[in-house]
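With compact mmCIF, C-alpha atoms and all ligand atoms inside, this is final.txt:
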# COMPACT_ATOMS: atom_id res chain seq x y z
CA MET A 26 7.88 59.17 2.65
CA ARG A 27 8.00 55.72 4.30
CA GLY A 28 5.10 54.62 6.47
CA PRO A 29 5.52 53.49 10.09
CA GLU A 30 7.73 50.41 10.54
CA VAL A 31 5.84 47.23 11.28
CA SER A 32 8.01 44.82 13.24
CA VAL A 33 7.89 41.44 11.54
CA VAL A 34 7.09 38.54 13.81
CA ARG A 35 8.20 35.00 13.00
CA PHE A 36 5.79 32.11 13.42
CA THR A 37 6.71 29.58 16.11
CA CYS A 38 4.52 26.51 16.33
CA TYR A 39 3.46 25.79 19.92
CA ARG A 40 2.98 22.10 19.03
CA CYS A 41 -0.46 22.20 20.54
CA VAL A 42 -2.95 19.65 19.19
CA HIS A 43 -5.28 22.09 17.47
CA CYS A 44 -4.37 21.31 13.90
CA CYS A 45 -4.27 17.51 14.35
CA PHE A 46 -7.46 17.02 16.37
CA PHE A 47 -10.80 17.39 14.62
CA THR A 48 -14.34 17.74 15.85
CA GLU A 49 -15.91 19.02 12.64
CA GLU A 50 -15.66 17.65 9.12
CA ARG A 51 -15.05 21.08 7.57
CA GLU A 52 -11.81 21.39 9.59
CA CYS A 53 -10.37 18.00 8.61
CA PRO A 54 -7.12 17.89 6.59
CA VAL A 55 -7.32 18.23 2.85
CA LEU A 56 -5.35 16.33 0.23
CA LEU A 57 -4.72 17.48 -3.30
CA TRP A 58 -5.64 14.89 -5.95
CA TYR A 59 -2.00 14.01 -6.60
CA GLU A 60 -1.37 13.39 -2.91
CA VAL A 61 -4.26 10.92 -2.53
CA PRO A 62 -2.64 7.71 -3.87
CA TYR A 63 0.61 8.59 -2.14
CA PHE A 64 -0.95 9.04 1.30
CA ARG A 65 -3.19 6.01 0.84
CA LYS A 66 -0.09 3.90 0.21
CA LEU A 67 1.88 5.60 2.98
CA GLY A 68 -1.07 4.91 5.28
CA GLU A 69 -0.96 1.23 4.34
CA PHE A 70 2.73 1.10 5.20
CA VAL A 71 2.21 2.63 8.64
CA GLY A 72 -1.08 0.82 9.36
CA VAL A 73 -3.51 3.66 8.69
CA GLU A 74 -6.58 3.41 6.48
CA LEU A 75 -7.71 6.78 5.17
CA ARG A 76 -11.36 7.67 4.80
CA LEU A 77 -11.61 10.30 2.06
CA LYS A 78 -14.39 12.47 0.72
CA GLU A 79 -14.10 14.35 -2.57
CA VAL A 80 -14.83 18.03 -1.98
CA GLY A 81 -14.41 19.24 -5.57
CA GLN A 82 -11.79 20.85 -7.79
CA GLY A 83 -9.27 18.11 -7.11
CA PHE A 84 -9.42 18.28 -3.31
CA TYR A 85 -10.25 15.44 -0.94
CA ARG A 86 -10.98 15.69 2.75
CA VAL A 87 -9.58 13.11 5.17
CA ILE A 88 -12.58 12.30 7.34
CA VAL A 89 -11.40 12.18 10.93
CA SER A 90 -13.12 12.38 14.26
CA GLY A 91 -10.63 13.08 17.02
CA PHE A 92 -6.90 12.80 16.37
CA CYS A 93 -5.64 12.44 12.80
CA PRO A 94 -4.60 8.79 12.30
CA PHE A 95 -1.08 10.00 11.50
CA TYR A 96 -0.78 11.76 14.87
CA ASP A 97 1.21 10.11 17.63
CA VAL A 98 -0.40 11.17 20.89
CA ALA A 99 2.47 9.91 23.08
CA SER A 100 5.14 12.03 21.40
CA ARG A 101 2.69 14.82 20.46
CA ALA A 102 3.96 14.75 16.91
CA CYS A 103 2.94 13.90 13.38
CA ARG A 104 4.28 10.45 12.45
CA ILE A 105 4.83 11.60 8.87
CA HIS A 106 6.06 15.09 9.74
CA GLU A 107 8.86 15.07 7.11
CA GLU A 108 6.35 14.52 4.35
CA LYS A 109 2.98 15.53 5.69
CA PRO A 110 0.33 16.80 3.25
CA LEU A 111 0.75 20.28 1.79
CA SER A 112 -2.37 21.54 3.56
CA CYS A 113 -0.75 20.60 6.89
CA ARG A 114 2.56 22.15 5.84
CA MET A 115 0.99 25.49 4.98
CA PHE A 116 -1.18 25.72 8.10
CA PRO A 117 -1.88 28.18 9.75
CA LEU A 118 -1.92 29.93 6.39
CA ILE A 119 -5.07 29.61 4.34
CA VAL A 120 -5.64 30.61 0.72
CA ASN A 121 -8.65 31.39 -1.40
CA LEU A 122 -7.76 29.67 -4.68
CA SER A 123 -10.12 31.84 -6.74
CA SER A 124 -8.75 35.19 -5.58
CA LEU A 125 -5.35 33.90 -4.33
CA GLU A 126 -5.95 35.90 -1.18
CA VAL A 127 -3.82 34.63 1.73
CA ALA A 128 -4.73 34.86 5.42
CA SER A 129 -3.74 33.20 8.67
CA SER A 130 -6.20 31.07 10.62
CA LEU A 131 -7.34 32.29 14.01
CA MET A 132 -7.85 28.64 14.95
CA CYS A 133 -4.11 28.56 15.58
CA PRO A 134 -3.31 29.94 19.07
CA TRP A 135 -0.06 31.51 17.85
CA VAL A 136 -1.97 33.43 15.19
CA TYR A 137 -4.58 34.40 17.75
CA ALA A 138 -1.90 35.67 20.15
CA ASN A 139 -0.27 37.70 17.37
CA LYS A 140 -3.38 38.78 15.52
CA GLY A 141 -2.74 42.46 16.20
CA VAL A 142 0.64 42.47 14.46
CA LEU A 143 -0.44 40.03 11.73
CA GLY A 144 -3.42 42.19 10.89
CA GLU A 145 -1.03 44.99 9.91
CA LEU A 146 1.15 42.85 7.66
CA GLY A 147 0.94 42.94 3.88
CA GLY A 148 1.61 39.91 1.64
CA GLU A 149 5.41 40.23 1.66
CA SER A 150 5.67 40.56 5.45
CA LEU A 151 3.24 37.70 5.90
CA GLU A 152 5.67 35.62 3.85
CA GLN A 153 8.49 36.67 6.20
CA ALA A 154 6.41 35.67 9.20
CA PHE A 155 5.60 32.23 7.72
CA PRO A 156 8.48 31.38 5.32
CA GLU A 157 8.11 27.57 5.33
CA GLU A 158 4.34 27.66 5.32
CA PHE A 159 4.42 30.07 2.39
CA LYS A 160 6.55 27.63 0.36
CA ALA A 161 3.89 24.94 0.85
CA LEU A 162 1.16 27.41 -0.01
CA ARG A 163 2.91 28.31 -3.28
CA GLU A 164 3.14 24.60 -4.09
CA VAL A 165 -0.60 24.15 -3.46
CA VAL A 166 -1.36 27.03 -5.83
CA ARG A 167 1.10 25.71 -8.45
CA VAL A 168 -0.34 22.20 -8.37
CA TYR A 169 -3.88 23.54 -8.42
CA LEU A 170 -3.12 25.55 -11.55
CA VAL A 171 -1.34 22.70 -13.41
CA SER A 172 -4.15 20.32 -12.41
CA LYS A 173 -6.44 22.09 -14.79
CA SER A 174 -4.30 21.24 -17.83
CA ALA A 175 -3.10 17.96 -19.33
CA PRO A 176 -3.76 14.50 -17.85
CA LYS A 177 -1.12 13.06 -15.55
CA LEU A 178 0.22 9.66 -14.74
CA ALA A 179 1.26 8.77 -11.21
CA VAL A 180 4.06 6.21 -10.89
CA TYR A 181 4.77 4.47 -7.57
CA PHE A 182 7.41 1.90 -6.91
CA THR A 183 9.31 0.33 -4.04
CA THR A 184 12.91 -0.83 -4.11
CA TYR A 185 15.74 -1.10 -1.63
CA PHE A 186 18.30 -0.37 -4.38
CA LYS A 187 18.90 3.38 -4.25
CA GLU A 188 21.04 3.51 -7.38
CA LEU A 189 18.44 1.64 -9.34
CA ALA A 190 15.77 4.05 -8.09
CA SER A 191 17.89 7.03 -9.22
CA GLU A 192 18.43 5.39 -12.62
CA VAL A 193 14.69 4.76 -13.06
CA ILE A 194 13.84 8.33 -12.03
CA ARG A 195 16.51 9.70 -14.39
CA SER A 196 15.26 7.60 -17.33
CA ILE A 197 11.67 8.72 -16.81
CA SER A 198 12.69 12.37 -16.32
CA GLU A 199 14.73 12.39 -19.54
CA ARG A 200 11.80 11.10 -21.54
CA TYR A 201 8.83 12.84 -19.91
CA ASP A 202 7.80 16.03 -18.18
CA VAL A 203 8.07 14.97 -14.54
CA ILE A 204 6.38 17.55 -12.31
CA LYS A 205 6.91 15.84 -8.97
CA VAL A 206 9.40 13.33 -7.56
CA SER A 207 9.29 12.07 -3.98
CA GLU A 208 11.33 9.60 -2.02
CA SER A 209 9.54 8.76 1.19
CA SER A 210 11.40 9.68 4.34
CA VAL A 211 8.90 7.68 6.38
CA VAL A 212 8.83 4.42 4.41
CA GLU A 213 12.23 3.28 3.15
CA GLY A 214 12.45 2.60 -0.55
CA PHE A 215 9.06 4.08 -1.52
CA TYR A 216 9.18 6.44 -4.54
CA TYR A 217 6.58 8.50 -6.32
CA LEU A 218 6.66 10.43 -9.59
CA LEU A 219 4.02 12.46 -11.32
CA ILE A 220 4.28 12.80 -15.10
CA GLU A 221 2.42 15.32 -17.23
CA GLY A 222 1.24 14.62 -20.78
CA GLU A 223 0.89 11.45 -22.81
CA VAL A 224 2.97 8.50 -21.62
CA ASP A 225 3.89 5.15 -23.15
CA THR A 226 2.91 2.81 -20.33
CA ASP A 227 4.49 -0.22 -22.10
CA TYR A 228 7.83 1.57 -21.78
CA LEU A 229 7.23 2.16 -18.06
CA ASP A 230 6.14 -1.46 -17.55
CA LYS A 231 9.40 -2.63 -19.14
CA LEU A 232 11.41 -0.20 -17.05
CA LEU A 233 9.77 -1.14 -13.76
CA LYS A 234 9.19 -4.87 -14.17
CA ARG A 235 12.36 -6.27 -12.63
CA ASP A 236 13.26 -8.32 -9.60
CA GLU A 237 14.87 -5.43 -7.69
CA ILE A 238 11.60 -3.47 -7.80
CA THR A 239 9.34 -5.19 -5.31
CA TRP A 240 6.14 -3.38 -6.28
CA TYR A 241 4.99 -0.74 -8.73
CA LYS A 242 1.80 0.87 -9.88
CA LEU A 243 0.84 3.26 -12.70
CA GLU A 244 -2.25 5.35 -12.18
CA ARG A 245 -3.85 7.77 -14.64
CA VAL A 246 -5.01 11.07 -13.16
CA PRO A 247 -7.48 13.03 -15.33
CA PRO A 248 -7.38 16.86 -15.41
CA ILE A 249 -9.60 18.64 -12.92
CA SER A 250 -12.76 20.05 -14.45
S1 LIG A 301 -2.57 25.14 15.84
FE1 LIG A 301 -0.83 26.50 15.38
S2 LIG A 301 0.52 26.40 17.16
FE2 LIG A 301 -0.90 24.67 17.31
S3 LIG A 301 0.22 22.96 16.34
FE3 LIG A 301 -1.06 23.91 14.76
S4 LIG A 301 0.25 25.42 13.75
FE4 LIG A 301 1.24 24.87 15.73
S1 LIG A 302 -0.97 14.55 8.70
FE1 LIG A 302 0.26 15.07 10.48
S2 LIG A 302 0.21 17.31 10.59
FE2 LIG A 302 -1.45 16.68 9.24
S3 LIG A 302 -3.24 16.54 10.56
FE3 LIG A 302 -2.32 14.51 10.47
S4 LIG A 302 -0.95 14.39 12.22
FE4 LIG A 302 -1.45 16.54 11.89

Go ahead and render the structure in this file as structure tokens.
Amino acid sequence: MRGPEVSVVRFTCYRCVHCCFFTEERECPVLLWYEVPYFRKLGEFVGVELRLKEVGQGFYRVIVSGFCPFYDVASRACRIHEEKPLSCRMFPLIVNLSSLEVASSLMCPWVYANKGVLGELGGESLEQAFPEEFKALREVVRVYLVSKSAPKLAVYFTTYFKELASEVIRSISERYDVIKVSESSVVEGFYYLLIEGEVDTDYLDKLLKRDEITWYKLERVPPIS
């Protein structure tokens, strides 16, 4: 026999300032290790210097007092909305990475207003209520799990030649296990790749050292202990 129907609500962000304004360090946004160099560089491009504190297991807290430096108060919006950190994308969902238990944060007024219905939802319905946020949450869990294995190499480069960028990304992807590729939607011509396993950096230097690539950087990322 089926149990009583629970009507599934769908999360609608009120665009209040709660998740971009911070009064306590423990609430500040969190970056995964592989996001750190990317957001540092993105910050440089948009005139923001990030203050970070390592909080263990590959996570770093952005230390903020007041509005997040990426928040635009006038338009009440995140300046890097299209590519904001995963922890911001998954909010108001929260996850315990040891037990993989998922919950929604009562700090969010939408969650608070719907806490009665949300309290009755199981995992699958919670995913229906927060489809986009769940995708980000899955990505956090995936990256967290792969972080514990082989070392990685982060590759950043800037170029205004899109075809060249695609060719470089293709060449690297054919040769190595690329676990993440990003083209910035905030800063034109800024690309980021994350490679797993051993990498021949001389090969990458040769590939990236050319006039059309205005800047590049290779950065080793050790596995999380
Ligand atoms: S606290 Fe909730 S409703 Fe407010 S902006 Fe954040 S996610 Fe949206
Ligand atoms: S990165 Fe964007 S969404 Fe995240 S806290 Fe800052 S302004 Fe808010």

Report as JSON lines: every residue of chain A with an atom at most 9 Å from ligand LIG 301 (chain A), its closest pair of atoms, and their distance in Å to one decimal, counting all atoms listed in the file, with rows sorted by chain and ascending residue number.
{"residue": "A:Phe36", "atom": "CA", "partner": "A:LIG301", "partner_atom": "S2", "distance": 8.6}
{"residue": "A:Thr37", "atom": "CA", "partner": "A:LIG301", "partner_atom": "S2", "distance": 7.0}
{"residue": "A:Cys38", "atom": "CA", "partner": "A:LIG301", "partner_atom": "FE4", "distance": 3.7}
{"residue": "A:Tyr39", "atom": "CA", "partner": "A:LIG301", "partner_atom": "S2", "distance": 4.1}
{"residue": "A:Arg40", "atom": "CA", "partner": "A:LIG301", "partner_atom": "S3", "distance": 3.9}
{"residue": "A:Cys41", "atom": "CA", "partner": "A:LIG301", "partner_atom": "FE2", "distance": 4.1}
{"residue": "A:Val42", "atom": "CA", "partner": "A:LIG301", "partner_atom": "S3", "distance": 5.4}
{"residue": "A:His43", "atom": "CA", "partner": "A:LIG301", "partner_atom": "S1", "distance": 4.4}
{"residue": "A:Cys44", "atom": "CA", "partner": "A:LIG301", "partner_atom": "FE3", "distance": 4.3}
{"residue": "A:Cys45", "atom": "CA", "partner": "A:LIG301", "partner_atom": "FE3", "distance": 7.2}
{"residue": "A:Cys113", "atom": "CA", "partner": "A:LIG301", "partner_atom": "S4", "distance": 8.4}
{"residue": "A:Arg114", "atom": "CA", "partner": "A:LIG301", "partner_atom": "S4", "distance": 8.9}
{"residue": "A:Met115", "atom": "CA", "partner": "A:LIG301", "partner_atom": "S4", "distance": 8.8}
{"residue": "A:Phe116", "atom": "CA", "partner": "A:LIG301", "partner_atom": "S4", "distance": 5.8}
{"residue": "A:Pro117", "atom": "CA", "partner": "A:LIG301", "partner_atom": "S4", "distance": 5.3}
{"residue": "A:Leu118", "atom": "CA", "partner": "A:LIG301", "partner_atom": "S4", "distance": 8.9}
{"residue": "A:Ser130", "atom": "CA", "partner": "A:LIG301", "partner_atom": "FE1", "distance": 8.5}
{"residue": "A:Leu131", "atom": "CA", "partner": "A:LIG301", "partner_atom": "S1", "distance": 8.8}
{"residue": "A:Met132", "atom": "CA", "partner": "A:LIG301", "partner_atom": "S1", "distance": 6.4}
{"residue": "A:Cys133", "atom": "CA", "partner": "A:LIG301", "partner_atom": "S1", "distance": 3.8}
{"residue": "A:Pro134", "atom": "CA", "partner": "A:LIG301", "partner_atom": "S2", "distance": 5.6}
{"residue": "A:Trp135", "atom": "CA", "partner": "A:LIG301", "partner_atom": "S2", "distance": 5.2}
{"residue": "A:Val136", "atom": "CA", "partner": "A:LIG301", "partner_atom": "FE1", "distance": 7.0}

**Request:** Return as an MDAnalysis selection string the residues of protein, DNA or RNA that approach ligand LIG 302 (chain A) to within 12 Å, with all atoms listed in the file taken into account.
**Result:** chainID A and resid 38 40:47 52:56 60 64:65 67:68 73 75 86:98 100:117

**Asked** In Å to one decimal, how far is CA of Arg35 in chain A from CA of Phe155 in chain A?
**Response**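 We find that CA of Phe155 in chain A and CA of Arg35 in chain A lie 6.5 Å from each other.
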
**Item:** Atom-to-atom span, CA of Leu243 in chain A and CA of Val180 in chain A, Å
**Value:** 4.7 Å

**Asked** Out of A:Tyr181, A:Tyr85, A:Tyr201, A:Phe215, which residue has the shortest atom-to-atom distance to Asp230 in chain A when counting only C-alpha atoms?
**Response**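 Checking each of A:Tyr181, A:Tyr85, A:Tyr201, A:Phe215 against Asp230 in chain A, counting only C-alpha atoms, the winner is A:Tyr181.
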
**Minimum-distance residue to Leu170 in chain A, chosen among A:Pro62, A:Gln82, A:Ala128, A:Gly144 (using all atoms listed in the file)** = A:Gln82

**Prompt:** Suppose you want the space between CA of Ile197 in chain A and CA of Arg235 in chain A; what is it in Å?
**Reply:**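 Going from CA of Ile197 in chain A over to CA of Arg235 in chain A, I get 15.6 Å.
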
**Message:** Give me, as an MDAnalysis selection string, all polymer residues having an atom no more than 12 Å from Asn121 in chain A, counting all atoms listed in the file and skipping those fewer than 5 positions away in the same chain.
**Reply:** chainID A and resid 126:129 162 165:166 169

**Asked** Which protein, DNA or RNA residues are at most 12 Å from (5.6, 2.3, -18.7) in the file's coordinates when you count only C-alpha atoms, listed as a list in words?
**Response**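 Result, sorted by chain then residue number: Leu178, Ala179, Val180, Tyr181, Phe182, Val193, Ser196, Ile197, Arg200, Tyr201, Ile220, Glu223, Val224, Asp225, Thr226, Asp227, Tyr228, Leu229, Asp230, Lys231, Leu232, Leu233, Lys234, Tyr241, Lys242, Leu243, Glu244 and Arg245 of chain A.
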
Taking all atoms of range 121-129 of chain A that the file lists and extending 4 Å past them on each side, where is the centre of the axis-aligned box and how long are its edges? Answer in Å to one decimal, as lines of an AutoDock Vina configuration file.
center_x = -6.9
center_y = 32.8
center_z = 1.0
size_x = 14.4
size_y = 14.2
size_z = 23.4
